[in-house]
$ cat input.txt   # compact mmCIF, C-alpha atoms and all ligand atoms
# COMPACT_ATOMS: atom_id res chain seq x y z
CA MET Y 335 24.44 24.35 -88.35
CA HIS Y 336 27.36 22.06 -87.38
CA ASP Y 337 29.22 19.80 -89.80
CA LEU Y 338 28.86 16.96 -87.34
CA ILE Y 339 26.89 16.19 -84.20
CA ILE Y 340 28.12 13.34 -82.03
CA VAL Y 341 25.54 12.01 -79.61
CA GLY Y 342 27.32 10.55 -76.59
CA SER Y 343 30.66 11.18 -74.94
CA GLY Y 344 31.94 7.69 -74.11
CA PRO Y 345 34.96 6.13 -75.87
CA ALA Y 346 33.12 6.02 -79.24
CA GLY Y 347 31.92 9.63 -79.17
CA ASN Y 348 35.12 11.08 -77.74
CA THR Y 349 37.28 9.28 -80.31
CA ALA Y 350 34.99 10.38 -83.15
CA ALA Y 351 35.20 13.95 -81.82
CA LEU Y 352 38.97 13.88 -81.55
CA VAL Y 353 39.45 12.50 -85.07
CA ALA Y 354 36.87 14.96 -86.49
CA SER Y 355 38.61 17.91 -84.86
CA ARG Y 356 41.97 16.78 -86.27
CA LEU Y 357 40.36 16.70 -89.72
CA GLY Y 358 39.11 20.25 -89.28
CA ILE Y 359 35.44 19.21 -89.05
CA ARG Y 360 33.25 21.47 -86.86
CA ALA Y 361 31.84 19.02 -84.34
CA LEU Y 362 29.44 19.24 -81.42
CA ILE Y 363 29.14 16.56 -78.71
CA ILE Y 364 25.74 16.26 -77.03
CA ASP Y 365 25.67 14.16 -73.86
CA LYS Y 366 22.98 13.87 -71.22
CA SER Y 367 25.66 13.64 -68.49
CA ARG Y 368 28.51 15.87 -67.43
CA HIS Y 369 32.00 14.46 -66.87
CA PRO Y 370 33.09 12.98 -64.58
CA ARG Y 371 30.11 10.62 -64.63
CA ALA Y 372 29.77 7.02 -63.51
CA LYS Y 373 29.74 4.26 -66.14
CA PRO Y 374 29.52 0.59 -65.13
CA CYS Y 375 32.69 -0.99 -66.57
CA GLY Y 376 35.70 -3.13 -65.72
CA GLY Y 377 37.88 -0.39 -67.20
CA GLY Y 378 40.15 -3.10 -68.64
CA LEU Y 379 42.20 -1.96 -71.65
CA THR Y 380 43.76 -4.57 -73.95
CA PRO Y 381 47.04 -4.08 -75.85
CA LYS Y 382 45.15 -3.24 -79.05
CA THR Y 383 43.31 -0.43 -77.22
CA ILE Y 384 46.64 1.01 -76.12
CA ALA Y 385 48.03 0.65 -79.66
CA LEU Y 386 44.99 2.42 -81.13
CA SER Y 387 45.22 5.20 -78.52
CA ARG Y 388 48.88 5.75 -79.41
CA LEU Y 389 47.96 5.88 -83.09
CA LEU Y 390 45.45 8.61 -82.20
CA GLY Y 391 48.12 10.49 -80.23
CA LEU Y 392 46.45 9.72 -76.90
CA ASP Y 393 48.69 8.85 -73.96
CA LEU Y 394 46.42 7.02 -71.52
CA SER Y 395 49.15 6.38 -68.92
CA GLU Y 396 47.80 9.05 -66.56
CA VAL Y 397 44.46 7.22 -66.24
CA ILE Y 398 45.87 3.70 -65.93
CA GLU Y 399 45.96 2.59 -62.29
CA HIS Y 400 47.31 -0.93 -62.67
CA GLU Y 401 48.88 -3.25 -65.23
CA CYS Y 402 48.34 -7.03 -65.24
CA ASP Y 403 51.13 -9.05 -66.87
CA GLU Y 404 49.64 -12.06 -65.18
CA VAL Y 405 46.04 -13.20 -65.50
CA VAL Y 406 44.78 -16.00 -63.27
CA THR Y 407 42.10 -17.93 -65.14
CA VAL Y 408 39.80 -20.06 -63.01
CA THR Y 409 38.01 -22.88 -64.86
CA GLN Y 410 36.09 -26.06 -63.96
CA ALA Y 411 39.35 -28.00 -64.31
CA GLY Y 412 41.45 -25.74 -62.07
CA SER Y 413 43.27 -22.41 -62.08
CA PHE Y 414 45.97 -21.41 -64.53
CA ALA Y 415 48.23 -18.39 -64.22
CA MET Y 416 48.92 -16.99 -67.68
CA ARG Y 417 51.93 -14.67 -68.03
CA PHE Y 418 52.08 -12.24 -70.90
CA LYS Y 419 55.00 -10.30 -72.42
CA GLU Y 420 53.01 -7.06 -72.53
CA PRO Y 421 50.40 -6.27 -69.83
CA MET Y 422 47.29 -8.11 -71.02
CA ILE Y 423 44.92 -5.86 -69.08
CA ARG Y 424 45.63 -2.27 -68.09
CA VAL Y 425 43.05 -1.14 -65.58
CA SER Y 426 41.46 2.31 -65.62
CA ARG Y 427 38.47 3.87 -63.88
CA ARG Y 428 35.93 4.64 -66.53
CA GLU Y 429 34.92 8.04 -65.18
CA ARG Y 430 38.56 9.14 -65.40
CA LEU Y 431 39.19 7.57 -68.81
CA ASP Y 432 36.10 9.15 -70.36
CA GLU Y 433 36.75 12.56 -68.81
CA PHE Y 434 40.36 12.46 -70.03
CA MET Y 435 39.32 11.64 -73.61
CA PHE Y 436 36.51 14.22 -73.53
CA ASN Y 437 38.96 16.93 -72.40
CA GLU Y 438 41.33 16.01 -75.23
CA ALA Y 439 38.50 16.50 -77.74
CA VAL Y 440 37.33 19.79 -76.21
CA ASN Y 441 40.90 21.08 -76.05
CA ASN Y 442 41.05 20.39 -79.79
CA GLY Y 443 38.08 22.68 -80.41
CA VAL Y 444 35.09 20.33 -80.19
CA GLU Y 445 31.98 21.98 -78.71
CA TYR Y 446 29.82 20.37 -76.02
CA VAL Y 447 26.20 20.70 -74.95
CA ASN Y 448 24.63 18.98 -71.98
CA ASP Y 449 21.26 17.70 -73.22
CA GLU Y 450 19.41 14.42 -73.59
CA VAL Y 451 18.74 13.45 -77.20
CA LEU Y 452 15.24 12.09 -77.70
CA LYS Y 453 15.40 11.31 -81.41
CA VAL Y 454 17.01 12.22 -84.70
CA LYS Y 455 15.24 13.04 -87.95
CA GLU Y 456 16.86 13.23 -91.37
CA THR Y 457 15.63 15.73 -93.93
CA GLN Y 458 16.96 16.16 -97.47
CA ASP Y 459 20.30 17.82 -96.69
CA LYS Y 460 20.65 17.76 -92.91
CA VAL Y 461 19.79 15.92 -89.72
CA GLU Y 462 17.69 17.35 -86.88
CA VAL Y 463 18.73 16.18 -83.45
CA ILE Y 464 15.84 16.67 -81.09
CA GLY Y 465 17.00 17.16 -77.53
CA ARG Y 466 15.00 17.63 -74.32
CA ASN Y 467 16.09 21.30 -74.20
CA SER Y 468 16.63 22.25 -77.82
CA ILE Y 469 16.78 21.18 -81.46
CA TYR Y 470 20.23 20.97 -83.11
CA GLU Y 471 21.12 20.65 -86.78
CA ALA Y 472 24.08 19.10 -88.56
CA LYS Y 473 25.08 17.73 -91.94
CA TRP Y 474 26.10 14.43 -90.34
CA VAL Y 475 25.35 12.63 -87.09
CA ILE Y 476 27.36 9.95 -85.29
CA GLY Y 477 25.29 7.96 -82.80
CA ALA Y 478 27.61 7.08 -79.92
CA ASP Y 479 24.97 7.01 -77.20
CA GLY Y 480 25.65 3.49 -75.93
CA ALA Y 481 22.99 0.91 -75.14
CA PRO Y 482 20.10 1.25 -75.64
CA SER Y 483 20.61 3.93 -78.27
CA ARG Y 484 18.01 6.60 -78.97
CA VAL Y 485 19.77 7.46 -82.23
CA GLY Y 486 19.73 3.79 -83.29
CA ARG Y 487 16.07 3.41 -82.40
CA SER Y 488 15.20 6.54 -84.43
CA ILE Y 489 16.65 4.97 -87.58
CA GLY Y 490 15.58 1.40 -86.88
CA ILE Y 491 19.07 -0.06 -86.27
CA THR Y 492 19.51 -1.97 -83.03
CA PRO Y 493 21.93 -4.68 -81.81
CA LYS Y 494 20.56 -8.22 -82.05
CA SER Y 495 21.77 -9.54 -78.65
CA SER Y 496 23.11 -8.17 -75.41
CA ALA Y 497 24.79 -9.58 -72.34
CA LEU Y 498 24.28 -8.17 -68.85
CA ALA Y 499 27.18 -7.20 -66.60
CA LEU Y 500 27.41 -5.88 -63.03
CA MET Y 501 30.38 -4.31 -61.30
CA ASN Y 502 31.46 -2.37 -58.25
CA ILE Y 503 34.60 -0.84 -56.84
CA ALA Y 504 35.41 -3.01 -53.81
CA SER Y 505 38.09 -2.30 -51.22
CA GLY Y 506 40.12 -4.03 -48.56
CA GLU Y 507 42.69 -6.80 -48.35
CA LEU Y 508 42.35 -9.80 -50.66
CA SER Y 509 41.90 -13.12 -48.86
CA ILE Y 510 43.46 -15.07 -51.75
CA ASN Y 511 47.06 -15.19 -52.80
CA THR Y 512 47.06 -14.02 -56.41
CA GLY Y 513 49.42 -11.06 -55.88
CA ASP Y 514 48.53 -8.19 -58.16
CA ALA Y 515 47.28 -10.41 -61.02
CA CYS Y 516 43.93 -9.88 -62.71
CA ILE Y 517 41.50 -12.76 -62.20
CA LEU Y 518 39.00 -14.15 -64.72
CA ASP Y 519 36.77 -16.76 -63.10
CA PHE Y 520 34.67 -18.85 -65.50
CA THR Y 521 33.12 -20.98 -62.75
CA ARG Y 522 30.99 -18.26 -61.13
CA ILE Y 523 28.31 -17.70 -63.73
CA LYS Y 524 26.90 -19.54 -66.75
CA TRP Y 525 27.68 -18.12 -70.20
CA GLY Y 526 30.05 -15.56 -68.77
CA TYR Y 527 32.72 -14.91 -66.17
CA ALA Y 528 33.53 -12.94 -63.06
CA TRP Y 529 36.55 -10.64 -62.92
CA LEU Y 530 38.76 -8.95 -60.40
CA PHE Y 531 40.90 -6.11 -61.74
CA PRO Y 532 43.21 -4.45 -59.18
CA LEU Y 533 43.18 -0.64 -59.04
CA SER Y 534 45.48 1.52 -56.92
CA HIS Y 535 45.39 2.05 -53.11
CA GLY Y 536 43.62 -1.23 -52.20
CA TYR Y 537 40.66 -0.83 -54.55
CA TYR Y 538 39.44 -3.45 -57.01
CA ASP Y 539 37.02 -3.42 -59.93
CA VAL Y 540 35.05 -6.61 -59.32
CA GLY Y 541 32.19 -7.71 -61.53
CA LEU Y 542 30.52 -10.42 -63.51
CA GLY Y 543 28.66 -10.67 -66.77
CA SER Y 544 26.68 -13.24 -68.71
CA ALA Y 545 24.94 -13.63 -72.03
CA LEU Y 546 22.01 -15.02 -69.99
CA LYS Y 547 20.21 -12.15 -68.30
CA GLY Y 548 19.27 -12.59 -64.64
CA ARG Y 549 19.40 -11.10 -61.16
CA TYR Y 550 23.06 -11.41 -60.29
CA SER Y 551 23.59 -8.91 -57.44
CA ASP Y 552 23.70 -11.62 -54.74
CA LEU Y 553 26.08 -13.71 -56.83
CA LEU Y 554 28.41 -10.73 -57.12
CA LEU Y 555 28.13 -9.90 -53.41
CA ASN Y 556 29.02 -13.52 -52.53
CA TYR Y 557 32.05 -13.38 -54.80
CA ILE Y 558 33.23 -10.10 -53.28
CA GLY Y 559 32.70 -11.61 -49.80
CA GLU Y 560 34.76 -14.71 -50.67
CA LEU Y 561 37.54 -12.46 -51.90
CA GLY Y 562 37.52 -10.83 -48.44
CA LEU Y 563 36.62 -7.40 -49.84
CA LYS Y 564 34.10 -4.75 -48.84
CA PRO Y 565 31.62 -4.06 -51.67
CA GLY Y 566 31.00 -0.63 -53.16
CA ARG Y 567 27.89 0.48 -55.06
CA ILE Y 568 26.78 -2.20 -57.50
CA MET Y 569 26.01 -0.91 -60.99
CA GLY Y 570 24.91 -2.84 -64.05
CA HIS Y 571 24.45 -2.31 -67.74
CA LEU Y 572 23.92 -4.11 -71.03
CA ILE Y 573 26.82 -5.17 -73.26
CA PRO Y 574 25.44 -5.50 -76.80
CA TYR Y 575 27.61 -7.95 -78.74
CA LYS Y 576 25.75 -8.86 -81.94
CA PRO Y 577 25.55 -5.99 -84.42
CA PRO Y 578 23.11 -5.75 -87.31
CA THR Y 579 24.51 -5.88 -90.85
CA VAL Y 580 23.66 -2.21 -91.50
CA VAL Y 581 25.78 0.36 -89.62
CA SER Y 582 24.45 3.61 -91.04
CA VAL Y 583 21.43 5.14 -92.73
CA GLY Y 584 21.56 8.28 -94.85
CA ARG Y 585 23.53 10.88 -92.91
CA ILE Y 586 23.56 8.96 -89.63
CA MET Y 587 26.28 6.50 -88.55
CA LEU Y 588 26.20 4.31 -85.47
CA THR Y 589 29.24 3.36 -83.37
CA GLY Y 590 30.24 1.41 -80.25
CA ASP Y 591 27.55 -0.04 -77.99
CA ALA Y 592 24.85 1.79 -79.96
CA LEU Y 593 25.65 -0.67 -82.73
CA GLY Y 594 26.41 -3.72 -80.57
CA LEU Y 595 30.11 -3.99 -81.30
CA ALA Y 596 31.41 -5.52 -78.04
CA ASP Y 597 33.47 -8.69 -78.34
CA PRO Y 598 31.15 -11.69 -77.76
CA VAL Y 599 33.96 -13.73 -76.18
CA THR Y 600 35.41 -11.22 -73.72
CA GLY Y 601 32.78 -8.47 -73.44
CA GLU Y 602 35.48 -5.95 -74.37
CA GLY Y 603 33.84 -2.87 -75.89
CA ILE Y 604 36.15 0.10 -75.36
CA PHE Y 605 38.45 -0.79 -78.25
CA GLN Y 606 35.52 -1.45 -80.59
CA ALA Y 607 33.89 1.84 -79.55
CA MET Y 608 37.10 3.80 -80.19
CA LEU Y 609 37.79 2.07 -83.50
CA SER Y 610 34.27 2.59 -84.86
CA GLY Y 611 34.25 6.21 -83.63
CA ALA Y 612 37.54 6.87 -85.41
CA LEU Y 613 36.36 5.18 -88.63
CA ALA Y 614 33.02 7.02 -88.65
CA ALA Y 615 34.77 10.39 -88.32
CA LEU Y 616 37.40 9.43 -90.88
CA SER Y 617 34.65 8.49 -93.35
CA LEU Y 618 33.59 12.15 -93.44
CA ARG Y 619 36.66 12.88 -95.53
CA TYR Y 620 35.17 10.90 -98.41
CA SER Y 621 32.49 11.90 -100.90
CA ASN Y 622 30.02 9.28 -99.67
CA PRO Y 623 30.75 8.95 -95.94
CA THR Y 624 28.09 6.40 -95.00
CA GLU Y 625 29.07 4.08 -97.84
CA ARG Y 626 32.71 4.43 -96.81
CA TYR Y 627 31.83 3.72 -93.17
CA ASN Y 628 29.88 0.59 -94.18
CA MET Y 629 32.91 -0.55 -96.14
CA LEU Y 630 35.39 0.16 -93.34
CA MET Y 631 33.23 -1.72 -90.83
CA ALA Y 632 32.59 -4.75 -93.05
CA ASN Y 633 35.70 -6.67 -91.95
CA TYR Y 634 34.93 -6.18 -88.29
CA LEU Y 635 31.31 -7.29 -88.75
CA ARG Y 636 32.47 -10.39 -90.62
CA ASP Y 637 34.88 -11.34 -87.84
CA ASN Y 638 32.17 -10.78 -85.22
CA LYS Y 639 30.48 -13.91 -86.64
CA HIS Y 640 33.67 -15.92 -86.01
CA ALA Y 641 33.92 -14.40 -82.52
CA LEU Y 642 30.37 -15.62 -81.86
CA MET Y 643 31.45 -19.15 -82.82
CA VAL Y 644 34.37 -18.97 -80.38
CA ALA Y 645 31.99 -17.69 -77.68
CA TYR Y 646 29.72 -20.71 -78.22
CA VAL Y 647 32.69 -23.05 -77.71
CA VAL Y 648 34.07 -21.19 -74.67
CA TYR Y 649 30.76 -20.80 -72.84
CA GLY Y 650 28.33 -23.20 -74.42
CA VAL Y 651 29.32 -26.39 -76.09
CA ASP Y 652 31.30 -28.05 -73.32
CA SER Y 653 33.26 -25.73 -71.09
CA LEU Y 654 34.48 -28.66 -68.96
CA PHE Y 655 36.07 -30.22 -72.03
CA LEU Y 656 37.71 -26.90 -72.87
CA SER Y 657 39.03 -26.41 -69.32
CA ARG Y 658 40.43 -29.95 -69.25
CA PHE Y 659 42.01 -29.44 -72.63
CA LEU Y 660 43.67 -26.25 -71.39
CA GLY Y 661 44.87 -27.83 -68.16
CA VAL Y 662 45.83 -31.40 -69.07
CA THR Y 663 47.65 -30.56 -72.29
CA GLY Y 664 49.47 -27.50 -70.95
CA PHE Y 665 47.90 -25.53 -73.81
CA SER Y 666 46.97 -22.80 -71.27
CA ARG Y 667 50.67 -21.97 -70.81
CA THR Y 668 51.79 -22.05 -74.41
CA GLY Y 669 49.32 -22.07 -77.32
CA ALA Y 670 46.48 -20.29 -75.53
CA VAL Y 671 48.76 -17.51 -74.26
CA SER Y 672 50.11 -16.91 -77.73
CA ILE Y 673 46.64 -16.86 -79.34
CA ILE Y 674 45.23 -14.54 -76.64
CA GLU Y 675 48.24 -12.24 -77.04
CA LYS Y 676 47.68 -12.02 -80.77
CA VAL Y 677 43.88 -11.54 -80.60
CA THR Y 678 43.98 -8.92 -77.85
CA GLY Y 679 46.90 -7.26 -79.60
CA GLY Y 680 44.84 -6.91 -82.77
CA LYS Y 681 47.29 -9.12 -84.71
CA LEU Y 682 44.98 -12.10 -85.24
CA THR Y 683 41.34 -12.18 -86.25
CA TYR Y 684 38.94 -14.64 -84.64
CA ARG Y 685 38.75 -16.38 -88.00
CA ASP Y 686 42.49 -17.08 -87.95
CA ALA Y 687 42.39 -17.87 -84.23
CA ILE Y 688 39.88 -20.66 -84.95
CA LYS Y 689 42.27 -22.08 -87.55
CA ASP Y 690 45.17 -21.95 -85.05
CA ILE Y 691 43.11 -23.60 -82.31
CA VAL Y 692 41.97 -26.43 -84.62
CA LYS Y 693 45.57 -26.97 -85.77
CA SER Y 694 46.74 -27.12 -82.13
CA ILE Y 695 44.00 -29.59 -81.17
CA VAL Y 696 44.97 -31.87 -84.08
CA HIS Y 697 48.67 -31.56 -83.19
CA ILE Y 698 48.12 -32.31 -79.50
CA SER Y 699 45.77 -35.23 -80.30
CA ASN Y 700 48.41 -36.71 -82.62
CA LEU Y 701 51.06 -36.38 -79.91
CA ILE Y 702 48.80 -38.07 -77.35
CA SER Y 703 47.84 -40.93 -79.71
CA SER Y 704 51.49 -41.52 -80.73
CA ARG Y 705 52.40 -41.93 -77.03
CA THR Y 706 49.63 -44.46 -76.31
C1 LIG E 1 29.82 -3.97 -66.14
C2 LIG E 1 30.57 -3.77 -67.44
C3 LIG E 1 31.94 -4.02 -67.51
C4 LIG E 1 32.65 -3.80 -68.70
N1 LIG E 1 34.00 -3.98 -68.70
C5 LIG E 1 34.71 -3.68 -69.82
C6 LIG E 1 36.13 -3.74 -69.80
O1 LIG E 1 36.75 -4.07 -68.79
N2 LIG E 1 36.79 -3.43 -70.94
C7 LIG E 1 36.15 -3.07 -72.09
O2 LIG E 1 36.80 -2.81 -73.11
N3 LIG E 1 34.79 -2.96 -72.12
C8 LIG E 1 34.06 -3.24 -71.01
N4 LIG E 1 32.70 -3.11 -71.02
C9 LIG E 1 32.05 -2.63 -72.26
C10 LIG E 1 32.24 -1.12 -72.39
O3 LIG E 1 31.90 -0.47 -71.19
C11 LIG E 1 31.35 -0.55 -73.53
O4 LIG E 1 31.44 -1.40 -74.65
C12 LIG E 1 31.79 0.86 -73.90
O5 LIG E 1 31.55 1.74 -72.84
C13 LIG E 1 31.02 1.37 -75.13
O6 LIG E 1 31.36 2.71 -75.35
P1 LIG E 1 30.36 3.71 -76.10
O7 LIG E 1 31.11 4.98 -76.26
O8 LIG E 1 29.81 3.05 -77.29
O9 LIG E 1 29.13 3.89 -75.11
P2 LIG E 1 29.09 4.45 -73.61
O10 LIG E 1 30.40 4.29 -72.96
O11 LIG E 1 27.91 3.79 -72.98
O12 LIG E 1 28.82 6.00 -73.77
C14 LIG E 1 27.57 6.47 -74.16
C15 LIG E 1 27.45 7.94 -73.80
O13 LIG E 1 26.22 8.43 -74.37
C16 LIG E 1 25.51 9.21 -73.43
N5 LIG E 1 24.08 9.09 -73.74
C17 LIG E 1 23.33 7.97 -73.69
N6 LIG E 1 22.07 8.23 -74.12
C18 LIG E 1 22.04 9.54 -74.46
C19 LIG E 1 21.04 10.40 -74.97
N7 LIG E 1 19.80 9.96 -75.23
N8 LIG E 1 21.35 11.70 -75.19
C20 LIG E 1 22.61 12.17 -74.94
N9 LIG E 1 23.60 11.39 -74.44
C21 LIG E 1 23.32 10.09 -74.22
C22 LIG E 1 25.90 8.60 -72.07
O14 LIG E 1 25.75 9.56 -71.03
C23 LIG E 1 27.36 8.20 -72.31
O15 LIG E 1 28.24 9.25 -71.98
C24 LIG E 1 31.96 -3.35 -69.86
C25 LIG E 1 30.59 -3.11 -69.80
C26 LIG E 1 29.89 -3.32 -68.61
C27 LIG E 1 28.41 -3.04 -68.56
$ encode --input "input.txt" --output "structure tokens"
Amino acid sequence: MHDLIIVGSGPAGNTAALVASRLGIRALIIDKSRHPRAKPCGGGLTPKTIALSRLLGLDLSEVIEHECDEVVTVTQAGSFAMRFKEPMIRVSRRERLDEFMFNEAVNNGVEYVNDEVLKVKETQDKVEVIGRNSIYEAKWVIGADGAPSRVGRSIGITPKSSALALMNIASGELSINTGDACILDFTRIKWGYAWLFPLSHGYYDVGLGSALKGRYSDLLLNYIGELGLKPGRIMGHLIPYKPPTVVSVGRIMLTGDALGLADPVTGEGIFQAMLSGALAALSLRYSNPTERYNMLMANYLRDNKHALMVAYVVYGVDSLFLSRFLGVTGFSRTGAVSIIEKVTGGKLTYRDAIKDIVKSIVHISNLISSRT
């Protein structure tokens, strides 16, 4: 019997495995795929993801293909180029990132089995993990099997809402003059955005996602065509962004997309997967791991509610008002850049970001009314 079984070898599972191995916990990863395997993703890594990786002793530089200090944001009221002090988005290919992290865990002594988990069943002092090929036993289980999660379904914990996102690796020469900036285009799709993230050697990760599910392949193909690029294979997947209040049951803890931890504003999920994986493994050091994990996750879950509010304003309430506000007031070059830097750097919660935005709106309104 293992101390810990981790179901899934994405960023959540690999981080949990790495932390567990460092703590001397005998861990087994079970994944239905073998690395390198495809995973639909923009591969965009924010500054807080890099900071967390460094904290974990992971140097991701060998899997980063491009760094965007400049992000061109396209809105209903025009395009704004935002320049950041530290690269706002570092672009990786997910198959390489996941394989790299998996190798780090295995090199640290974590075991791996290639099997598809069908369900998990807790008995008094252990958990049975029922795979297609075999049954495995452990004292603790971390569900890191993404969306939709078999582990989550087995214990009745599932995310409350998901977005849908499509991507492909396109190639060729860009027909627009944005240099090597990343592009976020909020005019292409309702309740979401399209992105272009440059990779190396003339390749680009191009995709779009929305909280409203639909058939978006043609929309993506049109966008790729307008950019002057040749499309690659289009792949899509859910991005669950609204977690339940319970994150674990008995000896089973859920992490990453299995729990619905992606950021509702940006769709970012790699950082949240890594953080929850690390915290779940760390909790095993304590006498009541699941209680500890619930406690460690509470802050994040609370701030997710504030992130949802920001998402409603950005995508729902009146995006034209927001775009005009950003453009006309110059807030896109100053206040917005600073807030985005702090949020993506992990230095500001969404709760505090809301306070800063409200303060800025009041300040700018006062300036405008004093001039008129
Ligand atoms: C199109 C798209 C673009 C995105 N772009 C970005 C981005 O640019 N930046 C960002 O931060 N986030 C992005 N995300 C979100 C991000 O991809 C996810 O939030 C992240 O991958 C979650 O990691 P995870 O480890 O929880 O799950 P996953 O990465 O999904 O890993 C789950 C693992 O579990 C395995 N598995 C699944 N079911 C089973 C089973 N039954 N038995 C055994 N193994 C199983 C899978 O093979 C996989 O290896 C994007 C998502 C999509 C769909």
$ residues_near_ligand --input "input.txt" --ligand "ligand LIG 1 (chain E)" --cutoff "6 Å" --atoms "all atoms listed in the file" --output "count of residues only"
42
$ closest_residue --input "input.txt" --among "Y:Thr512, Y:Asn437, Y:Ser488, Y:Ser534" --to "Y:Glu462" --atoms "only C-alpha atoms"
Y:Ser488
$ residues_around --input "input.txt" --residues "Y:Lys419" --least-positions-apart "2" --cutoff "12 Å" --atoms "all atoms listed in the file" --output "ChimeraX atom specification"
/Y:381,401-405,416-417,421-423,671-672,674-676,679
$ residues_around --input "input.txt" --residues "stretch 683-690 of chain Y" --least-positions-apart "3" --cutoff "12 Å" --atoms "only C-alpha atoms" --output "PyMOL selection string"
chain Y and resi 597-600+633-645+647-648+669-680+693-697
$ atom_distance --input "input.txt" --atom1 "atom CA of Y:Tyr538" --atom2 "atom CA of Y:Leu563"
8.7 Å
$ residues_around --input "input.txt" --residues "Y:Ile339" --least-positions-apart "3" --cutoff "12 Å" --atoms "all atoms listed in the file" --output "PyMOL selection string"
chain Y and resi 335-336+342-343+347-348+350-351+354-355+359-365+444-447+451+454+460-465+469-479+485+585-588+614-615
$ write_last_selection --input "input.txt" --atoms "C-alpha atoms" --output "short mmCIF file (atom, residue, chain, number, x, y, z; two decimals), in the frame of the given file"
data_model
loop_
_atom_site.label_atom_id
_atom_site.label_comp_id
_atom_site.auth_asym_id
_atom_site.auth_seq_id
_atom_site.Cartn_x
_atom_site.Cartn_y
_atom_site.Cartn_z
CA MET Y 335 24.44 24.35 -88.35
CA HIS Y 336 27.36 22.06 -87.38
CA GLY Y 342 27.32 10.55 -76.59
CA SER Y 343 30.66 11.18 -74.94
CA GLY Y 347 31.92 9.63 -79.17
CA ASN Y 348 35.12 11.08 -77.74
CA ALA Y 350 34.99 10.38 -83.15
CA ALA Y 351 35.20 13.95 -81.82
CA ALA Y 354 36.87 14.96 -86.49
CA SER Y 355 38.61 17.91 -84.86
CA ILE Y 359 35.44 19.21 -89.05
CA ARG Y 360 33.25 21.47 -86.86
CA ALA Y 361 31.84 19.02 -84.34
CA LEU Y 362 29.44 19.24 -81.42
CA ILE Y 363 29.14 16.56 -78.71
CA ILE Y 364 25.74 16.26 -77.03
CA ASP Y 365 25.67 14.16 -73.86
CA VAL Y 444 35.09 20.33 -80.19
CA GLU Y 445 31.98 21.98 -78.71
CA TYR Y 446 29.82 20.37 -76.02
CA VAL Y 447 26.20 20.70 -74.95
CA VAL Y 451 18.74 13.45 -77.20
CA VAL Y 454 17.01 12.22 -84.70
CA LYS Y 460 20.65 17.76 -92.91
CA VAL Y 461 19.79 15.92 -89.72
CA GLU Y 462 17.69 17.35 -86.88
CA VAL Y 463 18.73 16.18 -83.45
CA ILE Y 464 15.84 16.67 -81.09
CA GLY Y 465 17.00 17.16 -77.53
CA ILE Y 469 16.78 21.18 -81.46
CA TYR Y 470 20.23 20.97 -83.11
CA GLU Y 471 21.12 20.65 -86.78
CA ALA Y 472 24.08 19.10 -88.56
CA LYS Y 473 25.08 17.73 -91.94
CA TRP Y 474 26.10 14.43 -90.34
CA VAL Y 475 25.35 12.63 -87.09
CA ILE Y 476 27.36 9.95 -85.29
CA GLY Y 477 25.29 7.96 -82.80
CA ALA Y 478 27.61 7.08 -79.92
CA ASP Y 479 24.97 7.01 -77.20
CA VAL Y 485 19.77 7.46 -82.23
CA ARG Y 585 23.53 10.88 -92.91
CA ILE Y 586 23.56 8.96 -89.63
CA MET Y 587 26.28 6.50 -88.55
CA LEU Y 588 26.20 4.31 -85.47
CA ALA Y 614 33.02 7.02 -88.65
CA ALA Y 615 34.77 10.39 -88.32
#
$ closest_residue --input "input.txt" --among "Y:Lys382, Y:Lys681, Y:Arg567, Y:His369" --to "Y:Arg428" --atoms "only C-alpha atoms"
Y:His369
$ atom_distance --input "input.txt" --atom1 "atom CA of Y:Val425" --atom2 "atom CA of Y:Leu533"
6.6 Å
$ atom_distance --input "input.txt" --atom1 "atom CA of Y:Tyr537" --atom2 "atom CA of Y:Thr349"
27.9 Å
$ closest_residue --input "input.txt" --among "Y:Gly443, Y:Pro370, Y:Pro532, Y:Gly548" --to "Y:Ile503" --atoms "all atoms listed in the file"
Y:Pro532
$ closest_residue --input "input.txt" --among "Y:Arg522, Y:Arg626, Y:Arg466, Y:Lys494" --to "Y:Thr409" --atoms "all atoms listed in the file"
Y:Arg522
$ residues_near_point --input "input.txt" --point "(27.6, 4.6, -95.5)" --cutoff "8 Å" --atoms "all atoms listed in the file" --output "PDB file with C-alpha atoms, keeping the file's coordinate frame"
ATOM      1  CA  VAL Y 581      25.780   0.360 -89.620  1.00  0.00           C
ATOM      2  CA  SER Y 582      24.450   3.610 -91.040  1.00  0.00           C
ATOM      3  CA  VAL Y 583      21.430   5.140 -92.730  1.00  0.00           C
ATOM      4  CA  GLY Y 584      21.560   8.280 -94.850  1.00  0.00           C
ATOM      5  CA  ARG Y 585      23.530  10.880 -92.910  1.00  0.00           C
ATOM      6  CA  MET Y 587      26.280   6.500 -88.550  1.00  0.00           C
ATOM      7  CA  ASN Y 622      30.020   9.280 -99.670  1.00  0.00           C
ATOM      8  CA  PRO Y 623      30.750   8.950 -95.940  1.00  0.00           C
ATOM      9  CA  THR Y 624      28.090   6.400 -95.000  1.00  0.00           C
ATOM     10  CA  GLU Y 625      29.070   4.080 -97.840  1.00  0.00           C
ATOM     11  CA  ARG Y 626      32.710   4.430 -96.810  1.00  0.00           C
ATOM     12  CA  TYR Y 627      31.830   3.720 -93.170  1.00  0.00           C
ATOM     13  CA  ASN Y 628      29.880   0.590 -94.180  1.00  0.00           C
ATOM     14  CA  MET Y 629      32.910  -0.550 -96.140  1.00  0.00           C
TER      15      MET Y 629
END
